[in-house]
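Heads up: the structure comes next, in structure tokens.
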Amino acid sequence: MNADTVVQWIERAAEVIEENEKTLTELDAAIGDSDHGANMARGFSAVRGKLTAHPRDDIGAILKMVGMTLLSTVGGASGPLYGTLFLEAAKISAGKPEIDRVVILQSLAAGLAGIQKRGKAEPLDKTMVDALGPAIRAFEGAEGVSLAEALAQAAEAARLGAEATIPLVARKGRASYLGERSAGHQDPGATSMWLLLQSLAEAGAE
Amino acid sequence: MNADTVVQWIERAAEVIEENEKTLTELDAAIGDSDHGANMARGFSAVRGKLTAHPRDDIGAILKMVGMTLLSTVGGASGPLYGTLFLEAAKISAGKPEIDRVVILQSLAAGLAGIQKRGKAEPLDKTMVDALGPAIRAFEGAEGVSLAEALAQAAEAARLGAEATIPLVARKGRASYLGERSAGHQDPGATSMWLLLQSLAEAGAE
Amino acid sequence: MKKLLNAPSDLVKEALAGMALAHPGLLRVHVDPAFLVRADAPVRGKVAVLSGGGSGHEPLHGGFVGRGMLDAACPGAVFTSPTPDQILEATRAVDGGAGVVHIVKNYTGDVMNFEMAGELARDLGITTETVLVNDDVAVENSLYTAGRRGVGATVLVEKICGAAAEAGRALADVAALGRRVNEHGRSMGIALSPCTVPHAGKPSFELGPDEMEVGIGIHGEPGRRRAKLEPADRITEMLMHPILDDLPFQAGKDVLLFVNGLGATPLLELYVVFRKAHEIAAARGLRVVRSLVGPYITSLEMAGVSITLLQVDEEMVRYWDAPVHTAALRWGV
Amino acid sequence: MKKLLNAPSDLVKEALAGMALAHPGLLRVHVDPAFLVRADAPVRGKVAVLSGGGSGHEPLHGGFVGRGMLDAACPGAVFTSPTPDQILEATRAVDGGAGVVHIVKNYTGDVMNFEMAGELARDLGITTETVLVNDDVAVENSLYTAGRRGVGATVLVEKICGAAAEAGRALADVAALGRRVNEHGRSMGIALSPCTVPHAGKPSFELGPDEMEVGIGIHGEPGRRRAKLEPADRITEMLMHPILDDLPFQAGKDVLLFVNGLGATPLLELYVVFRKAHEIAAARGLRVVRSLVGPYITSLEMAGVSITLLQVDEEMVRYWDAPVHTAALRWGV
Ligand SMILES: Nc1ncnc2c1ncn2[C@@H]1O[C@H](COP(=O)(O)OP(=O)(O)O)[C@@H](O)[C@H]1O
Ligand SMILES: Nc1ncnc2c1ncn2[C@@H]1O[C@H](COP(=O)(O)OP(=O)(O)O)[C@@H](O)[C@H]1O
Ligand SMILES: [Mg+2]
Ligand SMILES: [Mg+2]
Ligand SMILES: [Mg+2]
Ligand SMILES: [Mg+2]
């Protein structure tokens with residue numbers, strides 16, 4: 001995967017987030033404060049503005065820019081977490097104009113580790129971790145297939161993981177205030193995480 | 001008409017006002033501030049509490065008590081006006097244990113004069129005057145019939161007068177702020193005035 | 001609209017009891033007839049300033065009782081003018097021997113009840129002066145209406161009269177000052193959603209999701225006209241232009257700009273309106289020297305905003321700035 | 001719910017501009033990143049007190065910027081925690097060389113953004129101390145939740161920390177005091193009707209005419225449970241008893257009783273609740289020595305009330321009484 005693909009990923013992600021802003025808002029209305037859609041849209045819109053002119057020689061630098069931008073525009077719980085995801089991933093791919101699947105795996109894993117270090121969420125706490133964790137495991141286990149196929153499997157695992165948050169009682173984040181009432185609703189952050197990974201798979205397929 | 005009949009009138013009025021509190025509220029909601037029903041009910045409830053023990057030898061004293069009580073409990077525009085109505089009527093029948101139709105006419109006329117002096121409303125301004133004025137003229141013109149029949153005609157004139165306020169544009173009171181929008185709604189004060197006079201007719205019929 | 005209350009007929013009485021408990025050093029509550037007075041009333045030798053009206057506009061008037069503003073406030077039932085005996089007893093309770101100013105919002109009921117109370121006070125040898133507040137530009141002041149309503153300028157009249165009285169000014173001066181404030185203030189409001197009077201159980205009018213009432217009062221009655229909901233900046237223009245043209249406010253003058261919440265409108269939105277109103281005033285060549293933003297004269301839970309613009313002179317500003325110690329306005333003490 | 005605004009994404013920015021115009025001598029507004037600081041910031045040698053959070057809770061926090069309370073406030077988007085760069089820039093702007101206290105409401109986003117800002121501030125040589133506010137008793141503080149929410153006690157922590165800082169107390173003392181206030185404060189709220197976040201266009205939940213949400217927060221999310229609407233006195237009991245039992249508040253102690261409007265509840269109703277809450281506190285043997293009633297920490301146009309009870313000692317009362325000059329709280333100056 002080269003830097004152009006990474007840029008395509010983020011551009012696609014920004015589109016997908018914008019297309020799904022209403023959905024994310026509604027998910028966050030049911031078990032939160034209705035801002036996740038606007039938060040993510042604001043963040044990715046700011047990122048998109050900076051992407052076009054960004055140099056294409058260092059993937060880490062691109063991811064760092066994405067992380068810093070999300071961190072300073074998204075806010076809420078998702079801002080620091082998504083910011084950390086990209087900043088930690090950026091460290092792994094620092095200086096590289098191209099990354100192979102090993103680096104991709106390490107970057108995603110570093111991102112997850114950063115999210116869990118910052119937010120202290122465990123699997124099944126009903127958060128974005130429940131989309132990213134399965135995605136990483138699927139990607140890791142996708143041997144003997146193309147990178148594009150592996151990314152697609154990761155995206156599918158993220159989708160299923162987000163869906164699997166529906167019956168869960170939230171133990172982290174704003175949804176946890178609702179207790180049992182949080183069950184029956186899909187977690188907004190897990191949903192946006194899936195959308196991110198889906199965009200990555202789409203960029204990786206081209 | 002003796003004092004007992006006057007007491008019956010006021011007791012009947014209190015009942016009728018209570019029965020029609022919701023109607024008066026709704027009329028005052030359309031072109032006012034929704035309080036006329038509660039105002040009148042509060043006032044007549046207070047009056048009813050004082051009626052039972054009140055001496056029956058002086059109709060003027062009874063009417064004065066009614067006026068003072070309404071004045072100190074009703075509030076709003078209708079409080080001073082209804083208070084004045086009864087206080088002015090009380091002066092005419094002061095000291096009398098019985099009143100004939102001449103005194104009744106003078107009392108009502110004094111009441112209307114008091115209302116118009118205090119509130120400065122003219123006929124067709126869309127106020128209680130538009131029920132009381134016609135009632136007085138009907139009573140005055142009811143020659144050769146019993147007192148009961150004359151009072152019934154007065155009540156009917158009040159009813160028609162209140163209904164006739166429907167198409168009028170209010171020029172006095174809170175409804176006047178609405179301008180043209182006040183047309184199409186019956187005036188609450190004219191309606192309560194009719195109810196008062198209807199109660200008087202009912203008491204006079206017994 | 002749902003409400004936090006017990007029996008509707010106990011609402012005012014219970015709220016007064018709560019005020020007495022919340023502000024013990026500030027005011028005293030008299031239960032029957034109902035009125036509030038400043039804790040140190042009567043203040044001998046000082047002109048007393050008294051107002052009142054229906055409940056449902058809080059903090060107006062009870063929240064303005066205290067040093068530097070109202071000596072007494074008379075609360076009627078919700079949206080119902082207080083009665084002459086309330087007003088008389090309150091007048092007697094605060095009469096310090098220098099006369100009593102009655103600040104009366106121009107509604108037929110308020111005017112008549114205060115008039116009758118004034119007559120009774122006179123019979124008892126208490127001199128009263130009435131300052132009528134009729135700042136609302138939405139209604140024509142003509143032979144065909146009950147005159148202009150008293151709305152936002154009431155707060156400003158109460159503050160300025162209260163300060164003048166506290167400073168030892170004579171009765172005629174305090175009243176004249178109050179009238180001058182009224183004459184130089186203009187207001188107008190809009191509503192995005194109605195309010196519900198507890199006894200009535202339902203709002204007095206309904207508004208669709210894209211409608212607003214223009215030229216609204218503070219008693220829940222419909223406004224002058226219904227219009228399509230517009231952005232805040234356009235609404236601010238719709239309020240400011242009639243206000244500016246009515247006095248008319250002339251370039252080079254100083255003004256106090258008061259953006260008032262009618263009850264349910266968030267402070268965020270009031271500041272958005274203030275920003276635009278300030279811009280419009282400045283464009284008209286006015287200097288905004290003082291400001292007030294918040295829910296000060298409300299209409300239960302009505303969502304909406306009213307703007308009051310007061311052309312001020314040095315004396316008005318001095319009395320606006322003077323110390324005041326009430327539940328809802330406090331500075332300098 | 002309809003709103004007075006222009007473009008939703010400009011709401012916060014325009015409101016800030018309005019605040020700057022309305023309170024020019026009191027605060028300064030920085031646009032990008034967005035924050036407000038007291039007009040005389042930085043105050044050299046004084047511990048600075050900073051807070052922030054999503055917009056939509058006004059006057060919290062921007063309305064509490066000024067002498068004796070907050071040096072700075074960082075407003076995020078509606079109901080959205082501010083970002084580390086906002087908090088860092090505001091921290092730098094008010095750092096007087098004696099350290100900065102960050103008052104952080106216990107929400108995952110607020111905590112993380114302030115944490116990251118604190119790390120960045122440390123890198124720049126600015127010492128910060130975090131006071132976490134988590135007074136809401138409606139949520140269990142357990143391994144299975146994100147902890148108790150910071151609600152009404154935030155106002156009290158900000159006032160008391162602000163006063164202590166103004167009095168020249170050291171950073172560690174101000175922080176310790178703030179934590180002690182938090183530890184002795186308990187809150188709970190109910191909602192009669194929801195609010196609508198501008199971007200969302202519709203409320204996050206619907207309530208029937210005879211329903212209320214019990215254990216509500218200030219971000220529009222549903223409460224702990226839905227219940228039948230009850231009379232005000234019963235609702236007050238439903239709030240006071242969990243509050244009283246949680247600390248637990250013990251007979252003979254002094255308390256500050258704070259009855260807060262969530263946005264659309266009329267002041268009349270807040271005082272009805274105060275009356276009953278005061279009675280319940282007194283029945284528990286508590287002495288209500290201070291009170292606060294009004295919309296101080298809101299949730300846009302939510303109708304509802306929250307109660308905060310703070311067990312106070314002499315030091316807390318002294319700092320509560322100390323002069324404060326902000327848009328929303330002012331005394332002694
Ligand atoms: N501690 C946490 N760890 C991981 N993810 C979390 C945590 N807390 C919240 N989230 C995620 O953040 C999402 C909510 O984001 P957002 O609505 O933008 O922030 P906020 O909850 O502050 O309004 C949740 O759906 C959840 O996926
Ligand atoms: N100037 C007036 N003269 C006569 N009647 C009036 C006048 N002003 C108002 N009214 C009467 O009072 C009625 C309203 O009474 P009410 O609702 O109790 O008082 P308010 O208008 O103060 O709320 C009107 O319907 C009208 O009949
Ligand atoms: Mg959210
Ligand atoms: Mg009425
Ligand atoms: Mg009325
Ligand atoms: Mg949020």
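Each chain in the structure tokens gets a letter, A, B and so on, in the order shown; residues start at 1 in every chain, and ligands are counted from 1 in the order they appear.
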
### Query
Which residues form the shell of 8 Å around ligand 2 when you count only C-alpha atoms and all ligand atoms, given as an MDAnalysis selection string?
(chainID B and resid 28 32:37 39:40 74:79 81 115:116 118:122 126:129 172:175 187:191) or (chainID C and resid 79:81 107:110 146)

For chain C, which residues have at least one atom within 6 Å of chain D, if we go by only C-alpha atoms? Write them as a PDB file with all heavy atoms, in the first residue's frame, please.
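Saved file out.pdb follows:
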ATOM      1  N   LEU C   4     -43.905  21.059  36.899  1.00  0.00           N
ATOM      2  CA  LEU C   4     -43.499  20.631  38.236  1.00  0.00           C
ATOM      3  C   LEU C   4     -44.354  21.422  39.208  1.00  0.00           C
ATOM      4  O   LEU C   4     -44.040  22.567  39.540  1.00  0.00           O
ATOM      5  CB  LEU C   4     -42.026  20.969  38.456  1.00  0.00           C
ATOM      6  CG  LEU C   4     -41.016  19.959  37.968  1.00  0.00           C
ATOM      7  CD1 LEU C   4     -39.655  20.584  37.905  1.00  0.00           C
ATOM      8  CD2 LEU C   4     -41.000  18.740  38.852  1.00  0.00           C
ATOM      9  N   LEU C   5     -45.448  20.844  39.631  1.00  0.00           N
ATOM     10  CA  LEU C   5     -46.249  21.523  40.626  1.00  0.00           C
ATOM     11  C   LEU C   5     -47.086  20.516  41.403  1.00  0.00           C
ATOM     12  O   LEU C   5     -47.053  19.316  41.087  1.00  0.00           O
ATOM     13  CB  LEU C   5     -47.148  22.596  39.988  1.00  0.00           C
ATOM     14  CG  LEU C   5     -47.869  22.318  38.673  1.00  0.00           C
ATOM     15  CD1 LEU C   5     -48.934  21.236  38.781  1.00  0.00           C
ATOM     16  CD2 LEU C   5     -48.520  23.612  38.162  1.00  0.00           C
ATOM     17  N   ASN C   6     -47.739  20.995  42.427  1.00  0.00           N
ATOM     18  CA  ASN C   6     -48.665  20.167  43.181  1.00  0.00           C
ATOM     19  C   ASN C   6     -50.060  20.560  42.708  1.00  0.00           C
ATOM     20  O   ASN C   6     -50.348  20.400  41.529  1.00  0.00           O
ATOM     21  CB  ASN C   6     -48.401  20.309  44.676  1.00  0.00           C
ATOM     22  CG  ASN C   6     -46.977  19.882  45.022  1.00  0.00           C
ATOM     23  OD1 ASN C   6     -46.577  18.749  44.797  1.00  0.00           O
ATOM     24  ND2 ASN C   6     -46.179  20.845  45.511  1.00  0.00           N
ATOM     25  N   GLU C  14     -46.969  28.262  47.028  1.00  0.00           N
ATOM     26  CA  GLU C  14     -45.822  27.405  47.304  1.00  0.00           C
ATOM     27  C   GLU C  14     -44.530  28.014  46.770  1.00  0.00           C
ATOM     28  O   GLU C  14     -43.463  27.902  47.393  1.00  0.00           O
ATOM     29  CB  GLU C  14     -46.059  26.013  46.710  1.00  0.00           C
ATOM     30  CG  GLU C  14     -47.146  25.243  47.460  1.00  0.00           C
ATOM     31  CD  GLU C  14     -47.460  23.885  46.846  1.00  0.00           C
ATOM     32  OE1 GLU C  14     -46.945  23.585  45.743  1.00  0.00           O
ATOM     33  OE2 GLU C  14     -48.217  23.124  47.476  1.00  0.00           O
ATOM     34  N   ALA C  15     -44.609  28.661  45.624  1.00  0.00           N
ATOM     35  CA  ALA C  15     -43.409  29.303  45.087  1.00  0.00           C
ATOM     36  C   ALA C  15     -42.956  30.433  46.012  1.00  0.00           C
ATOM     37  O   ALA C  15     -41.758  30.613  46.248  1.00  0.00           O
ATOM     38  CB  ALA C  15     -43.676  29.835  43.680  1.00  0.00           C
ATOM     39  N   GLY C  18     -41.156  29.044  48.826  1.00  0.00           N
ATOM     40  CA  GLY C  18     -39.804  28.682  48.411  1.00  0.00           C
ATOM     41  C   GLY C  18     -38.894  29.885  48.331  1.00  0.00           C
ATOM     42  O   GLY C  18     -37.731  29.830  48.757  1.00  0.00           O
ATOM     43  N   ALA C  22     -35.473  30.493  50.337  1.00  0.00           N
ATOM     44  CA  ALA C  22     -34.222  30.590  49.570  1.00  0.00           C
ATOM     45  C   ALA C  22     -33.501  31.910  49.811  1.00  0.00           C
ATOM     46  O   ALA C  22     -32.283  31.979  49.669  1.00  0.00           O
ATOM     47  CB  ALA C  22     -34.508  30.421  48.076  1.00  0.00           C
ATOM     48  N   GLU C  58     -41.614  35.272  36.253  1.00  0.00           N
ATOM     49  CA  GLU C  58     -40.423  35.304  37.123  1.00  0.00           C
ATOM     50  C   GLU C  58     -39.130  35.260  36.300  1.00  0.00           C
ATOM     51  O   GLU C  58     -39.054  34.562  35.286  1.00  0.00           O
ATOM     52  CB  GLU C  58     -40.456  34.110  38.081  1.00  0.00           C
ATOM     53  CG  GLU C  58     -41.523  34.231  39.167  1.00  0.00           C
ATOM     54  CD  GLU C  58     -42.934  34.051  38.633  1.00  0.00           C
ATOM     55  OE1 GLU C  58     -43.115  33.465  37.557  1.00  0.00           O
ATOM     56  OE2 GLU C  58     -43.866  34.513  39.316  1.00  0.00           O
ATOM     57  N   PRO C 231     -34.185  32.294  10.179  1.00  0.00           N
ATOM     58  CA  PRO C 231     -32.945  32.223  10.949  1.00  0.00           C
ATOM     59  C   PRO C 231     -32.877  33.352  11.977  1.00  0.00           C
ATOM     60  O   PRO C 231     -33.536  34.385  11.831  1.00  0.00           O
ATOM     61  CB  PRO C 231     -31.857  32.411   9.877  1.00  0.00           C
ATOM     62  CG  PRO C 231     -32.510  32.057   8.581  1.00  0.00           C
ATOM     63  CD  PRO C 231     -33.950  32.428   8.735  1.00  0.00           C
ATOM     64  N   ALA C 232     -32.043  33.140  12.973  1.00  0.00           N
ATOM     65  CA  ALA C 232     -31.959  34.083  14.096  1.00  0.00           C
ATOM     66  C   ALA C 232     -31.636  35.503  13.640  1.00  0.00           C
ATOM     67  O   ALA C 232     -32.188  36.477  14.174  1.00  0.00           O
ATOM     68  CB  ALA C 232     -30.918  33.602  15.099  1.00  0.00           C
ATOM     69  N   ALA C 264     -38.026  29.412  27.788  1.00  0.00           N
ATOM     70  CA  ALA C 264     -37.451  28.124  27.386  1.00  0.00           C
ATOM     71  C   ALA C 264     -36.335  28.247  26.361  1.00  0.00           C
ATOM     72  O   ALA C 264     -35.838  27.240  25.885  1.00  0.00           O
ATOM     73  CB  ALA C 264     -38.548  27.212  26.841  1.00  0.00           C
ATOM     74  N   PRO C 266     -32.653  28.705  25.214  1.00  0.00           N
ATOM     75  CA  PRO C 266     -31.330  28.608  25.827  1.00  0.00           C
ATOM     76  C   PRO C 266     -30.525  29.902  25.707  1.00  0.00           C
ATOM     77  O   PRO C 266     -30.661  30.647  24.727  1.00  0.00           O
ATOM     78  CB  PRO C 266     -30.654  27.485  25.035  1.00  0.00           C
ATOM     79  CG  PRO C 266     -31.763  26.696  24.423  1.00  0.00           C
ATOM     80  CD  PRO C 266     -32.849  27.678  24.163  1.00  0.00           C
ATOM     81  N   LEU C 267     -29.676  30.117  26.681  1.00  0.00           N
ATOM     82  CA  LEU C 267     -28.825  31.294  26.724  1.00  0.00           C
ATOM     83  C   LEU C 267     -27.956  31.388  25.464  1.00  0.00           C
ATOM     84  O   LEU C 267     -27.692  32.483  24.960  1.00  0.00           O
ATOM     85  CB  LEU C 267     -27.951  31.210  27.979  1.00  0.00           C
ATOM     86  CG  LEU C 267     -27.442  32.480  28.648  1.00  0.00           C
ATOM     87  CD1 LEU C 267     -28.515  33.530  28.806  1.00  0.00           C
ATOM     88  CD2 LEU C 267     -26.847  32.115  30.008  1.00  0.00           C
ATOM     89  N   LEU C 268     -27.535  30.244  24.948  1.00  0.00           N
ATOM     90  CA  LEU C 268     -26.750  30.205  23.710  1.00  0.00           C
ATOM     91  C   LEU C 268     -27.458  31.017  22.622  1.00  0.00           C
ATOM     92  O   LEU C 268     -26.846  31.836  21.935  1.00  0.00           O
ATOM     93  CB  LEU C 268     -26.652  28.760  23.195  1.00  0.00           C
ATOM     94  CG  LEU C 268     -25.388  27.940  23.361  1.00  0.00           C
ATOM     95  CD1 LEU C 268     -25.522  26.639  22.596  1.00  0.00           C
ATOM     96  CD2 LEU C 268     -24.152  28.686  22.934  1.00  0.00           C
ATOM     97  N   GLU C 269     -28.740  30.754  22.461  1.00  0.00           N
ATOM     98  CA  GLU C 269     -29.503  31.411  21.401  1.00  0.00           C
ATOM     99  C   GLU C 269     -29.705  32.898  21.702  1.00  0.00           C
ATOM    100  O   GLU C 269     -29.700  33.738  20.800  1.00  0.00           O
ATOM    101  CB  GLU C 269     -30.848  30.692  21.208  1.00  0.00           C
ATOM    102  CG  GLU C 269     -30.664  29.251  20.717  1.00  0.00           C
ATOM    103  CD  GLU C 269     -31.964  28.453  20.654  1.00  0.00           C
ATOM    104  OE1 GLU C 269     -33.052  29.053  20.553  1.00  0.00           O
ATOM    105  OE2 GLU C 269     -31.891  27.210  20.717  1.00  0.00           O
ATOM    106  N   TYR C 271     -27.596  34.833  23.112  1.00  0.00           N
ATOM    107  CA  TYR C 271     -26.357  35.524  22.761  1.00  0.00           C
ATOM    108  C   TYR C 271     -26.192  35.651  21.247  1.00  0.00           C
ATOM    109  O   TYR C 271     -25.608  36.611  20.762  1.00  0.00           O
ATOM    110  CB  TYR C 271     -25.149  34.831  23.391  1.00  0.00           C
ATOM    111  CG  TYR C 271     -24.923  35.232  24.828  1.00  0.00           C
ATOM    112  CD1 TYR C 271     -25.086  34.322  25.873  1.00  0.00           C
ATOM    113  CD2 TYR C 271     -24.568  36.548  25.167  1.00  0.00           C
ATOM    114  CE1 TYR C 271     -24.890  34.693  27.189  1.00  0.00           C
ATOM    115  CE2 TYR C 271     -24.374  36.930  26.489  1.00  0.00           C
ATOM    116  CZ  TYR C 271     -24.537  35.994  27.495  1.00  0.00           C
ATOM    117  OH  TYR C 271     -24.352  36.368  28.805  1.00  0.00           O
ATOM    118  N   VAL C 272     -26.696  34.656  20.506  1.00  0.00           N
ATOM    119  CA  VAL C 272     -26.675  34.773  19.045  1.00  0.00           C
ATOM    120  C   VAL C 272     -27.491  35.992  18.627  1.00  0.00           C
ATOM    121  O   VAL C 272     -27.069  36.792  17.788  1.00  0.00           O
ATOM    122  CB  VAL C 272     -27.243  33.494  18.378  1.00  0.00           C
ATOM    123  CG1 VAL C 272     -27.462  33.701  16.882  1.00  0.00           C
ATOM    124  CG2 VAL C 272     -26.301  32.324  18.607  1.00  0.00           C
ATOM    125  N   PHE C 274     -28.215  38.584  20.548  1.00  0.00           N
ATOM    126  CA  PHE C 274     -27.555  39.797  21.046  1.00  0.00           C
ATOM    127  C   PHE C 274     -26.506  40.280  20.054  1.00  0.00           C
ATOM    128  O   PHE C 274     -26.389  41.471  19.759  1.00  0.00           O
ATOM    129  CB  PHE C 274     -26.926  39.553  22.421  1.00  0.00           C
ATOM    130  CG  PHE C 274     -26.371  40.811  23.029  1.00  0.00           C
ATOM    131  CD1 PHE C 274     -27.165  41.587  23.861  1.00  0.00           C
ATOM    132  CD2 PHE C 274     -25.079  41.244  22.747  1.00  0.00           C
ATOM    133  CE1 PHE C 274     -26.677  42.773  24.412  1.00  0.00           C
ATOM    134  CE2 PHE C 274     -24.579  42.421  23.290  1.00  0.00           C
ATOM    135  CZ  PHE C 274     -25.381  43.184  24.124  1.00  0.00           C
ATOM    136  N   ARG C 275     -25.732  39.327  19.556  1.00  0.00           N
ATOM    137  CA  ARG C 275     -24.662  39.642  18.595  1.00  0.00           C
ATOM    138  C   ARG C 275     -25.231  40.405  17.402  1.00  0.00           C
ATOM    139  O   ARG C 275     -24.696  41.437  16.984  1.00  0.00           O
ATOM    140  CB  ARG C 275     -24.026  38.320  18.170  1.00  0.00           C
ATOM    141  CG  ARG C 275     -23.192  38.324  16.934  1.00  0.00           C
ATOM    142  CD  ARG C 275     -23.046  36.865  16.481  1.00  0.00           C
ATOM    143  NE  ARG C 275     -23.251  36.742  15.063  1.00  0.00           N
ATOM    144  CZ  ARG C 275     -24.444  36.614  14.479  1.00  0.00           C
ATOM    145  NH1 ARG C 275     -25.544  36.564  15.213  1.00  0.00           N
ATOM    146  NH2 ARG C 275     -24.522  36.512  13.177  1.00  0.00           N
ATOM    147  N   SER C 291     -25.633  46.347  28.700  1.00  0.00           N
ATOM    148  CA  SER C 291     -26.325  45.192  28.132  1.00  0.00           C
ATOM    149  C   SER C 291     -26.971  44.367  29.238  1.00  0.00           C
ATOM    150  O   SER C 291     -26.564  44.431  30.398  1.00  0.00           O
ATOM    151  CB  SER C 291     -25.339  44.309  27.372  1.00  0.00           C
ATOM    152  OG  SER C 291     -24.454  43.687  28.286  1.00  0.00           O
ATOM    153  N   LEU C 300     -43.858  31.914  31.494  1.00  0.00           N
ATOM    154  CA  LEU C 300     -43.794  30.490  31.837  1.00  0.00           C
ATOM    155  C   LEU C 300     -42.734  29.819  30.958  1.00  0.00           C
ATOM    156  O   LEU C 300     -41.600  30.239  30.944  1.00  0.00           O
ATOM    157  CB  LEU C 300     -45.167  29.830  31.709  1.00  0.00           C
ATOM    158  CG  LEU C 300     -46.189  30.264  32.760  1.00  0.00           C
ATOM    159  CD1 LEU C 300     -47.571  29.717  32.462  1.00  0.00           C
ATOM    160  CD2 LEU C 300     -45.737  29.863  34.161  1.00  0.00           C
ATOM    161  N   GLU C 301     -43.114  28.778  30.235  1.00  0.00           N
ATOM    162  CA  GLU C 301     -42.123  28.046  29.455  1.00  0.00           C
ATOM    163  C   GLU C 301     -42.191  28.382  27.966  1.00  0.00           C
ATOM    164  O   GLU C 301     -41.853  27.563  27.113  1.00  0.00           O
ATOM    165  CB  GLU C 301     -42.291  26.524  29.658  1.00  0.00           C
ATOM    166  CG  GLU C 301     -43.515  25.918  28.991  1.00  0.00           C
ATOM    167  CD  GLU C 301     -44.800  26.063  29.785  1.00  0.00           C
ATOM    168  OE1 GLU C 301     -44.808  26.748  30.826  1.00  0.00           O
ATOM    169  OE2 GLU C 301     -45.797  25.462  29.346  1.00  0.00           O
ATOM    170  N   TRP C 331     -25.491  43.647  41.870  1.00  0.00           N
ATOM    171  CA  TRP C 331     -24.143  44.169  41.664  1.00  0.00           C
ATOM    172  C   TRP C 331     -23.884  45.281  42.641  1.00  0.00           C
ATOM    173  O   TRP C 331     -24.801  45.846  43.218  1.00  0.00           O
ATOM    174  CB  TRP C 331     -23.912  44.608  40.209  1.00  0.00           C
ATOM    175  CG  TRP C 331     -24.868  45.564  39.584  1.00  0.00           C
ATOM    176  CD1 TRP C 331     -25.010  46.901  39.846  1.00  0.00           C
ATOM    177  CD2 TRP C 331     -25.780  45.280  38.529  1.00  0.00           C
ATOM    178  NE1 TRP C 331     -25.959  47.452  39.032  1.00  0.00           N
ATOM    179  CE2 TRP C 331     -26.450  46.492  38.201  1.00  0.00           C
ATOM    180  CE3 TRP C 331     -26.116  44.123  37.804  1.00  0.00           C
ATOM    181  CZ2 TRP C 331     -27.412  46.567  37.190  1.00  0.00           C
ATOM    182  CZ3 TRP C 331     -27.070  44.206  36.802  1.00  0.00           C
ATOM    183  CH2 TRP C 331     -27.706  45.421  36.502  1.00  0.00           C
ATOM    184  N   GLY C 332     -22.627  45.517  42.886  1.00  0.00           N
ATOM    185  CA  GLY C 332     -22.225  46.594  43.785  1.00  0.00           C
ATOM    186  C   GLY C 332     -22.467  46.294  45.246  1.00  0.00           C
ATOM    187  O   GLY C 332     -22.291  47.169  46.094  1.00  0.00           O
ATOM    188  N   VAL C 333     -22.832  45.060  45.578  1.00  0.00           N
ATOM    189  CA  VAL C 333     -23.097  44.727  46.975  1.00  0.00           C
ATOM    190  C   VAL C 333     -22.942  43.220  47.200  1.00  0.00           C
ATOM    191  O   VAL C 333     -23.142  42.428  46.277  1.00  0.00           O
ATOM    192  CB  VAL C 333     -24.524  45.179  47.387  1.00  0.00           C
ATOM    193  CG1 VAL C 333     -25.576  44.485  46.533  1.00  0.00           C
ATOM    194  CG2 VAL C 333     -24.790  44.875  48.851  1.00  0.00           C
TER     195      VAL C 333
END

### Task
Report the residues of segment 61-309 of chain D whose backbone DSSP state falls under strand (DSSP E), written as a ChimeraX atom specification.
/D:72-78,100-105,128-133,185-193,211-214,225-228,254-261,287-294,303-309

#### Entry: Neighbour list for segment 178-181 of chain A as a PyMOL selection string, cut-off 12 Å, only C-alpha atoms, skip fewer than 5 positions in-chain
(chain A and resi 30-33+125-126+166-173+186) or (chain D and resi 138-142+144-149+213-217+220-226)

### Message
If I take atom CA of His54 of chain B and atom CA of Pro33 of chain C, how far is one from the other in Å, to one decimal?
### Response
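Going from atom CA of His54 of chain B over to atom CA of Pro33 of chain C, I get 22.3 Å.
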
### Message
To test your reading of the structure, identify every residue in segment 26-134 of chain A that backbone DSSP assigns to alpha helix (DSSP H), and report it as a ChimeraX atom specification.
### Response
/A:26-31,36-51,59-73,78-92,101-119,129-134

### Message
From the options D:Val197, D:Val43, D:Ile126, D:Val137, which residue's atoms come nearest to chain A, counting only C-alpha atoms?
### Response
D:Val197

### Task
Measure the distance from atom CA of Asn182 of chain C to atom CA of Pro194 of chain C in Å and round it to one decimal.
27.0 Å

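The residue that comes closest to ligand 3, out of D:Lys253, D:Lys228, D:His241, D:His219 and on the basis of only C-alpha atoms and all ligand atoms, is D:His219.
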
### Query
Which one is closest to chain C: B:Phe139, B:Phe44, B:Tyr82, B:Trp194? Count only C-alpha atoms.
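Under the stated criterion, the closest residue is B:Tyr82.
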